[in-house]
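Participant: Handing over model_27.txt, compact mmCIF, C-alpha atoms and all ligand atoms.
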# COMPACT_ATOMS: atom_id res chain seq x y z
CA MET N 1 -23.16 -5.33 -4.83
CA ARG N 2 -21.66 -8.64 -5.92
CA LEU N 3 -19.87 -8.79 -9.27
CA THR N 4 -18.36 -11.75 -11.06
CA LEU N 5 -14.59 -11.50 -10.90
CA GLN N 6 -12.85 -12.01 -14.21
CA LEU N 7 -9.67 -13.98 -13.71
CA ALA N 8 -7.01 -13.84 -16.40
CA VAL N 9 -5.32 -17.09 -15.46
CA ILE N 10 -1.83 -17.96 -16.61
CA ASP N 11 -1.24 -20.57 -13.91
CA ALA N 12 -4.13 -22.56 -12.40
CA GLU N 13 -2.72 -21.78 -8.97
CA VAL N 14 -4.54 -18.45 -9.16
CA THR N 15 -7.92 -20.16 -9.46
CA ASP N 16 -7.24 -22.12 -6.27
CA LEU N 17 -6.42 -18.93 -4.39
CA ILE N 18 -9.77 -17.32 -5.23
CA PRO N 19 -12.33 -20.13 -5.26
CA GLY N 20 -15.45 -17.95 -5.27
CA ALA N 21 -14.32 -15.56 -8.00
CA VAL N 22 -16.68 -12.87 -6.73
CA LEU N 23 -15.96 -9.18 -6.23
CA GLU N 24 -18.06 -7.55 -3.52
CA ARG N 25 -18.24 -3.78 -4.03
CA ILE N 26 -18.54 -2.02 -0.66
CA ALA N 27 -17.97 1.60 -1.65
CA THR N 28 -18.45 3.88 -4.64
CA ASP N 29 -18.10 7.58 -5.44
CA GLY N 30 -14.42 7.88 -4.59
CA ALA N 31 -12.26 10.54 -6.19
CA TRP N 32 -9.02 8.62 -5.47
CA PHE N 33 -9.37 5.74 -3.04
CA GLU N 34 -6.08 4.35 -1.71
CA GLY N 35 -4.43 2.95 1.39
CA PRO N 36 -6.71 0.17 2.70
CA ALA N 37 -5.90 -1.33 6.12
CA TRP N 38 -7.71 -3.80 8.38
CA LEU N 39 -7.93 -2.61 11.98
CA PRO N 40 -7.82 -5.02 14.95
CA ASP N 41 -11.60 -4.66 15.45
CA GLY N 42 -12.18 -6.19 12.00
CA SER N 43 -13.12 -2.94 10.28
CA LEU N 44 -11.55 -1.77 7.04
CA ILE N 45 -10.40 1.82 6.61
CA TRP N 46 -9.08 3.54 3.49
CA SER N 47 -8.22 6.97 2.13
CA ASP N 48 -9.85 9.21 -0.37
CA VAL N 49 -6.68 11.13 -1.11
CA VAL N 50 -8.39 13.78 -3.23
CA GLN N 51 -11.54 14.32 -1.13
CA ASN N 52 -9.29 14.53 1.94
CA ARG N 53 -10.99 12.02 4.20
CA LEU N 54 -10.90 8.44 5.43
CA HIS N 55 -13.70 5.91 5.19
CA ARG N 56 -14.48 2.90 7.37
CA TRP N 57 -16.45 -0.25 6.61
CA THR N 58 -17.86 -3.01 8.77
CA ARG N 59 -20.19 -5.84 7.80
CA GLU N 60 -22.73 -4.59 10.33
CA ASP N 61 -22.69 -0.86 9.62
CA GLY N 62 -21.56 -0.63 6.00
CA THR N 63 -19.45 2.29 4.81
CA GLY N 64 -19.16 5.76 6.33
CA VAL N 65 -16.76 8.68 6.73
CA TRP N 66 -14.31 8.01 9.58
CA LEU N 67 -11.95 11.01 9.53
CA ASP N 68 -12.52 14.38 7.85
CA PRO N 69 -10.18 16.05 7.08
CA SER N 70 -7.56 13.33 6.79
CA HIS N 71 -4.84 15.75 5.63
CA HIS N 72 -4.64 13.78 2.40
CA HIS N 73 -3.50 10.48 3.87
CA ASN N 74 -2.39 8.03 1.21
CA GLY N 75 -1.07 4.59 2.28
CA HIS N 76 -1.82 2.89 5.60
CA THR N 77 -0.60 -0.09 7.56
CA VAL N 78 -1.01 -1.46 11.09
CA ASP N 79 1.93 -2.03 13.43
CA GLY N 80 2.55 -4.94 15.79
CA ARG N 81 0.55 -3.24 18.55
CA GLY N 82 -2.47 -2.69 16.32
CA ARG N 83 -1.88 1.02 15.79
CA LEU N 84 -2.72 2.59 12.45
CA LEU N 85 0.17 4.20 10.57
CA ALA N 86 -0.35 6.60 7.67
CA ALA N 87 1.66 8.18 4.90
CA CYS N 88 0.33 11.73 4.98
CA HIS N 89 0.57 13.83 1.82
CA GLY N 90 -0.86 16.95 3.42
CA HIS N 91 1.67 17.22 6.23
CA ARG N 92 4.40 15.49 4.18
CA SER N 93 4.92 13.09 7.05
CA VAL N 94 4.51 9.61 8.49
CA VAL N 95 2.05 9.57 11.37
CA ARG N 96 0.69 7.05 13.89
CA ARG N 97 -2.73 6.93 15.52
CA GLU N 98 -2.42 6.37 19.27
CA ASP N 99 -4.87 4.42 21.40
CA ASP N 100 -6.55 7.67 22.51
CA GLY N 101 -7.17 8.74 18.90
CA THR N 102 -4.45 11.39 18.72
CA TRP N 103 -1.86 11.35 15.94
CA THR N 104 1.90 11.31 16.50
CA THR N 105 4.35 12.46 13.82
CA LEU N 106 7.07 9.84 13.36
CA ALA N 107 8.94 11.60 10.56
CA ASP N 108 8.50 14.78 8.54
CA ARG N 109 12.07 15.77 7.63
CA TRP N 110 15.30 14.34 6.36
CA GLN N 111 18.36 16.27 7.56
CA GLY N 112 16.20 19.36 8.14
CA LEU N 113 14.44 19.27 4.77
CA ARG N 114 10.77 18.37 4.40
CA PHE N 115 9.88 15.10 2.77
CA ASN N 116 8.16 15.25 -0.61
CA SER N 117 4.95 13.38 0.21
CA PRO N 118 5.24 9.97 1.88
CA ASN N 119 3.10 7.60 -0.14
CA ASP N 120 3.10 4.11 1.34
CA LEU N 121 4.63 2.25 4.26
CA VAL N 122 5.28 -1.12 5.84
CA VAL N 123 6.40 -2.25 9.31
CA ALA N 124 9.23 -4.79 9.65
CA SER N 125 9.43 -7.43 12.38
CA ASP N 126 11.78 -5.25 14.45
CA GLY N 127 9.17 -2.49 14.57
CA ALA N 128 10.91 -0.21 12.07
CA VAL N 129 8.70 1.67 9.61
CA TRP N 130 9.79 1.75 5.96
CA PHE N 131 8.22 4.26 3.61
CA THR N 132 8.48 5.70 0.11
CA ASP N 133 8.63 9.42 -0.65
CA PRO N 134 7.65 10.29 -4.23
CA ARG N 135 6.38 13.73 -5.25
CA TYR N 136 2.77 12.99 -6.17
CA GLY N 137 1.39 14.85 -3.16
CA ILE N 138 3.15 18.09 -4.06
CA ASP N 139 3.05 17.75 -7.86
CA ASN N 140 -0.72 17.07 -7.94
CA PRO N 141 -2.48 20.02 -6.24
CA GLN N 142 -5.62 17.99 -5.48
CA GLU N 143 -3.64 15.36 -3.54
CA GLY N 144 -2.14 17.57 -0.84
CA TYR N 145 -1.57 21.07 0.46
CA GLY N 146 1.01 22.01 -2.15
CA GLY N 147 4.55 23.22 -1.56
CA THR N 148 7.79 22.60 -3.34
CA ALA N 149 10.31 19.78 -3.26
CA GLU N 150 13.13 20.36 -0.79
CA LEU N 151 14.97 17.07 -1.23
CA ASP N 152 17.16 16.19 -4.20
CA GLY N 153 15.23 13.08 -5.16
CA GLN N 154 12.78 10.34 -4.30
CA TYR N 155 13.90 7.54 -2.01
CA VAL N 156 12.96 4.78 0.41
CA TYR N 157 13.44 5.63 4.11
CA ARG N 158 13.44 3.68 7.38
CA ILE N 159 12.40 4.92 10.82
CA ASP N 160 14.06 2.67 13.36
CA PRO N 161 12.23 1.77 16.58
CA GLY N 162 14.14 4.52 18.40
CA GLY N 163 12.95 7.14 15.92
CA ALA N 164 16.15 7.64 13.90
CA ILE N 165 15.54 8.08 10.18
CA ALA N 166 17.81 6.61 7.50
CA ARG N 167 17.77 6.88 3.73
CA MET N 168 17.85 3.31 2.43
CA SER N 169 17.69 3.27 -1.38
CA PRO N 170 19.32 5.07 -4.27
CA ALA N 171 17.19 7.75 -5.92
CA MET N 172 14.29 6.27 -7.87
CA PRO N 173 12.00 7.92 -10.46
CA ALA N 174 8.89 7.35 -8.31
CA PRO N 175 9.05 4.81 -5.44
CA ASN N 176 5.53 3.85 -4.41
CA GLY N 177 4.19 0.59 -2.93
CA LEU N 178 6.55 -1.60 -0.92
CA ALA N 179 6.46 -4.99 0.78
CA PHE N 180 8.85 -7.42 2.46
CA SER N 181 9.09 -11.07 1.54
CA PRO N 182 7.85 -13.30 4.40
CA ASP N 183 11.43 -13.97 5.57
CA GLU N 184 12.33 -10.27 5.17
CA ALA N 185 15.28 -11.20 2.95
CA VAL N 186 13.84 -9.07 0.13
CA LEU N 187 12.19 -5.65 0.01
CA TYR N 188 10.03 -5.15 -3.07
CA VAL N 189 9.49 -1.57 -4.23
CA VAL N 190 7.23 -0.41 -7.05
CA ASP N 191 8.50 2.32 -9.32
CA SER N 192 5.40 3.97 -10.74
CA GLU N 193 7.26 5.93 -13.42
CA ASP N 194 9.43 3.09 -14.71
CA HIS N 195 6.49 0.64 -14.44
CA THR N 196 8.65 -1.87 -12.63
CA ILE N 197 8.88 -3.71 -9.34
CA LEU N 198 12.43 -3.88 -7.97
CA ALA N 199 13.64 -6.50 -5.48
CA TYR N 200 16.25 -5.23 -3.02
CA PRO N 201 18.17 -7.87 -1.04
CA VAL N 202 18.07 -7.04 2.67
CA GLY N 203 21.44 -7.53 4.34
CA ASP N 204 22.73 -7.46 7.89
CA GLY N 205 21.67 -4.39 9.81
CA TRP N 206 18.71 -3.90 7.46
CA THR N 207 20.87 -2.57 4.62
CA LEU N 208 19.66 -2.80 1.03
CA GLY N 209 21.89 -4.29 -1.66
CA GLU N 210 21.79 -3.84 -5.41
CA PRO N 211 18.24 -4.33 -6.64
CA ARG N 212 17.23 -6.77 -9.31
CA LEU N 213 14.35 -6.28 -11.68
CA PHE N 214 11.49 -8.38 -10.27
CA ALA N 215 8.73 -7.44 -12.70
CA ALA N 216 8.79 -5.15 -15.73
CA GLU N 217 5.95 -3.94 -17.87
CA THR N 218 3.50 -3.65 -15.03
CA GLY N 219 1.40 -1.60 -17.44
CA ARG N 220 0.94 2.13 -17.46
CA PHE N 221 0.34 2.01 -13.73
CA ALA N 222 1.40 0.10 -10.63
CA ASP N 223 0.88 1.28 -7.10
CA GLY N 224 0.44 -0.73 -3.89
CA ILE N 225 1.81 -4.26 -3.38
CA ARG N 226 1.48 -6.96 -0.73
CA SER N 227 3.30 -10.21 -0.09
CA ASP N 228 1.32 -13.31 0.88
CA PRO N 229 2.58 -16.03 3.27
CA ALA N 230 4.00 -18.10 0.39
CA GLY N 231 5.97 -15.15 -0.95
CA ARG N 232 3.78 -14.31 -3.94
CA ILE N 233 3.54 -10.60 -4.70
CA TRP N 234 0.11 -9.12 -5.32
CA ALA N 235 0.31 -5.82 -7.20
CA ALA N 236 -2.33 -3.15 -7.82
CA CYS N 237 -2.02 -2.39 -11.53
CA ALA N 238 -3.93 -0.75 -14.36
CA ASP N 239 -5.56 -3.98 -15.54
CA GLY N 240 -6.44 -5.24 -12.06
CA VAL N 241 -4.50 -7.02 -9.34
CA ARG N 242 -1.58 -9.01 -10.71
CA VAL N 243 -0.28 -12.04 -8.84
CA TYR N 244 3.40 -12.83 -9.26
CA CYS N 245 5.24 -15.86 -7.94
CA ARG N 246 8.43 -15.21 -6.00
CA THR N 247 10.58 -15.60 -9.11
CA GLY N 248 8.72 -12.72 -10.75
CA ASP N 249 6.67 -14.80 -13.19
CA LEU N 250 3.09 -13.61 -13.58
CA LEU N 251 0.59 -16.21 -12.37
CA GLY N 252 -2.53 -14.31 -13.33
CA THR N 253 -4.59 -11.15 -12.99
CA LEU N 254 -7.78 -10.38 -11.09
CA ARG N 255 -9.46 -8.11 -13.60
CA THR N 256 -11.41 -5.31 -11.99
CA PRO N 257 -13.87 -2.80 -13.49
CA GLU N 258 -11.27 -0.03 -13.26
CA LEU N 259 -7.60 0.26 -12.44
CA THR N 260 -6.53 -0.63 -8.90
CA THR N 261 -4.53 1.51 -6.50
CA ASN N 262 -3.79 -0.63 -3.46
CA LEU N 263 -4.72 -3.77 -1.54
CA ALA N 264 -4.70 -5.30 1.93
CA PHE N 265 -5.16 -8.85 3.22
CA THR N 266 -7.01 -9.50 6.45
CA PRO N 267 -4.77 -10.72 9.30
CA GLY N 268 -6.32 -14.18 8.83
CA TRP N 269 -5.54 -14.10 5.08
CA ASP N 270 -9.14 -14.99 4.16
CA ARG N 271 -10.08 -11.78 2.38
CA LEU N 272 -8.42 -9.19 0.19
CA ALA N 273 -9.52 -5.56 0.09
CA ILE N 274 -8.83 -3.80 -3.22
CA THR N 275 -9.09 -0.07 -3.80
CA SER N 276 -9.77 1.47 -7.18
CA PRO N 277 -9.98 5.23 -7.67
CA SER N 278 -13.78 5.28 -7.31
CA ALA N 279 -14.64 1.96 -5.59
CA VAL N 280 -13.55 -0.55 -2.96
CA TYR N 281 -13.89 -4.32 -3.44
CA LEU N 282 -13.56 -7.39 -1.23
CA VAL N 283 -12.53 -10.79 -2.56
CA GLU N 284 -12.70 -14.04 -0.62
CA ILE N 285 -9.32 -15.82 -0.47
CA ASP N 286 -8.62 -19.44 0.39
CA PRO N 287 -6.11 -19.11 3.25
CA VAL N 288 -4.97 -22.72 2.95
CA SER N 289 -4.06 -22.39 -0.74
CA LEU N 290 -2.52 -19.01 -0.03
CA ARG N 291 -0.04 -20.52 2.42
CA SER N 292 1.08 -23.29 0.06
MG MG N 301 0.71 4.40 -3.44
For the structure just supplied, provide its representation as structure tokens.
Ligand code: MG
Facilitator:
Amino acid sequence: MRLTLQLAVIDAEVTDLIPGAVLERIATDGAWFEGPAWLPDGSLIWSDVVQNRLHRWTREDGTGVWLDPSHHHNGHTVDGRGRLLAACHGHRSVVRREDDGTWTTLADRWQGLRFNSPNDLVVASDGAVWFTDPRYGIDNPQEGYGGTAELDGQYVYRIDPGGAIARMSPAMPAPNGLAFSPDEAVLYVVDSEDHTILAYPVGDGWTLGEPRLFAAETGRFADGIRSDPAGRIWAACADGVRVYCRTGDLLGTLRTPELTTNLAFTPGWDRLAITSPSAVYLVEIDPVSLRS
């Protein structure tokens, strides 16, 4: 179904990025859709965290169930070799789908203690996987297999290409979506309890410095974020998808019928997939404007 996209424009730049201003709804009936990712074959997959399965969409075949059970996967991304990575609430782990369809656990413990419930993840240019570990998957019984917190807080972690795991951030109230700037000089991290996006400077050896406040008042909700090639930050928020310029000023909002949970650009930057709790939308993007 095609819906007219309401743009709340602060800067006309936003209008240029989305020339068609149409939302195409490709899925409904979600309980809590999250974690969209475009696979190398051009299909889109995403999670239903609560109904414990993954869905897949293609233009030819439409939408169907792809993995059931999914062990309450939440966020997804794709690594440099085209493999799907998932933040798995159910197993409290970060997992990778191999070419033969089996899943490998990349991380499930920090110094012998189980993670809370990895929520979202991103791959850096060196192949390291960065992820957030809030408690939603153990605090909300419908979003995981339960259990209790073993760690003393909620942090950002990095799995280096050799498999070693490091704790990267100070404790945060609820770290959630994360994204690197195009030059990887900044790591943006959403805090879903403080309703902020923090910008951590990335130093030598992939260390994080003191964060600055990038965006405050993201509304009662902010979840997944993505950077575009020009360094704008696109954030899934309660009032839709907010587009921030690299200084943190809000350029505008793509207003959606319900709150948004996460988003993913195609590798060619010509389309944006947006998940809401009960629906998934596609929006055409102008890749030329996006790069400028
Ligand atoms: Mg999330």
Participant: Got a sec: who's within 6 Å of Leu17 of chain N, counting all atoms listed in the file, leaving out chain neighbours fewer than 3 positions off, as number ranges by chain?
Facilitator: N: 14, 285-286, 289-290
Participant: Rank nothing, just name the residue among N:Thr261, N:Gln142, N:Thr105, N:Thr275 nearest to ligand MG 301 (chain N), using all atoms listed in the file.
Facilitator: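 Residue with the minimum atom-to-atom distance to ligand MG 301 (chain N): N:Thr261.
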Participant: Pull the closest atom pair for each residue of segment 31-135 of chain N that gets at most 12 Å from segment 199-205 of chain N, along with the distance in Å to one decimal, counting all atoms listed in the file, ordering rows by chain and then ascending residue number, as a Markdown table.
Facilitator:
| residue | atom | partner | partner_atom | distance |
| --- | --- | --- | --- | --- |
| N:Ala124 | CA | N:Val202 | CA | 11.5 |
| N:Asp126 | CA | N:Gly205 | CA | 11.0 |
| N:Ala128 | CA | N:Gly205 | CA | 11.8 |
Participant: Taking only residues of segment 132-242 of chain N that have an atom at most 8 Å from an atom of segment 109-116 of chain N, what is each one's shortest atom pair and its distance in Å to one decimal, using all atoms listed in the file, in chain and number order, as a Markdown table?
Facilitator:
| residue | atom | partner | partner_atom | distance |
| --- | --- | --- | --- | --- |
| N:Asp133 | CA | N:Asn116 | CA | 5.8 |
| N:Pro134 | CA | N:Asn116 | CA | 6.2 |
| N:Arg135 | CA | N:Asn116 | CA | 5.2 |
| N:Gly137 | CA | N:Asn116 | CA | 7.2 |
| N:Ile138 | CA | N:Asn116 | CA | 6.7 |
| N:Thr148 | CA | N:Asn116 | CA | 7.8 |
| N:Ala149 | CA | N:Asn116 | CA | 5.7 |
| N:Glu150 | CA | N:Leu113 | CA | 5.8 |
| N:Leu151 | CA | N:Leu113 | CA | 6.4 |
| N:Gln154 | CA | N:Asn116 | CA | 7.7 |
| N:Ile165 | CA | N:Trp110 | CA | 7.3 |
Participant: I need the chosen residues saved as an mmCIF file, keeping the file's coordinate frame, with C-alpha atoms.
Facilitator:
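Everything below was put into out_30.cif:
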data_model
loop_
_atom_site.group_PDB
_atom_site.id
_atom_site.type_symbol
_atom_site.label_atom_id
_atom_site.label_comp_id
_atom_site.auth_asym_id
_atom_site.auth_seq_id
_atom_site.Cartn_x
_atom_site.Cartn_y
_atom_site.Cartn_z
ATOM 1 C CA ASP N 133 8.630 9.420 -0.650
ATOM 2 C CA PRO N 134 7.650 10.290 -4.230
ATOM 3 C CA ARG N 135 6.380 13.730 -5.250
ATOM 4 C CA GLY N 137 1.390 14.850 -3.160
ATOM 5 C CA ILE N 138 3.150 18.090 -4.060
ATOM 6 C CA THR N 148 7.790 22.600 -3.340
ATOM 7 C CA ALA N 149 10.310 19.780 -3.260
ATOM 8 C CA GLU N 150 13.130 20.360 -0.790
ATOM 9 C CA LEU N 151 14.970 17.070 -1.230
ATOM 10 C CA GLN N 154 12.780 10.340 -4.300
ATOM 11 C CA ILE N 165 15.540 8.080 10.180
#
Participant: Excluding segment 67-77 of chain N and residues on its chain fewer than 5 positions from it, collect all residues at most 8 Å away from it, counting only C-alpha atoms, and give them as number ranges by chain.
Facilitator: N: 34-37, 46-55, 84-91, 118-123, 143-144
Participant: How far is it from atom CA of Gly268 of chain N to atom CA of Asp160 of chain N, in Å with one decimal?
Facilitator: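 Answer for the atom CA of Gly268 of chain N to atom CA of Asp160 of chain N separation: 26.8 Å.
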Participant: Of the residues N:Ile274, N:Ala235, N:Val280, N:Ile197, which is the one nearest to Ala31 of chain N, using only C-alpha atoms?
Facilitator: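 Among N:Ile274, N:Ala235, N:Val280, N:Ile197, it is N:Val280 that comes nearest to Ala31 of chain N.
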Participant: Go ahead and compute the interatomic distance for atom CA of Ala185 of chain N and atom CA of Tyr244 of chain N, in Å to one decimal.
Facilitator: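 According to the coordinates, atom CA of Ala185 of chain N and atom CA of Tyr244 of chain N are separated by 17.1 Å.
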Participant: May I ask for the distance between atom CA of Val243 of chain N and atom CA of Arg2 of chain N, given in Å to one decimal place?
Facilitator: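 Atom-to-atom, atom CA of Val243 of chain N and atom CA of Arg2 of chain N are spaced 21.8 Å apart.
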Participant: Looking at N:Phe221, N:Trp57, N:Phe214, N:Trp206, which one is nearest to ligand MG 301 (chain N), with distances taken over only C-alpha atoms and all ligand atoms?
Facilitator: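 Using only C-alpha atoms and all ligand atoms, ligand MG 301 (chain N) sits closest to N:Phe221.
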Participant: Identify the residues within 12 Å of coordinate (-7.3, -7.5, -8.7) (same frame as the file), considering only C-alpha atoms, and give the answer as JSON, numbers by chain.
Facilitator: {"N": [5, 6, 7, 8, 9, 14, 18, 21, 22, 23, 24, 222, 224, 225, 226, 233, 234, 235, 236, 237, 238, 239, 240, 241, 242, 243, 244, 252, 253, 254, 255, 256, 257, 258, 259, 260, 261, 262, 263, 264, 272, 273, 274, 275, 276, 280, 281, 282, 283, 284, 285]}
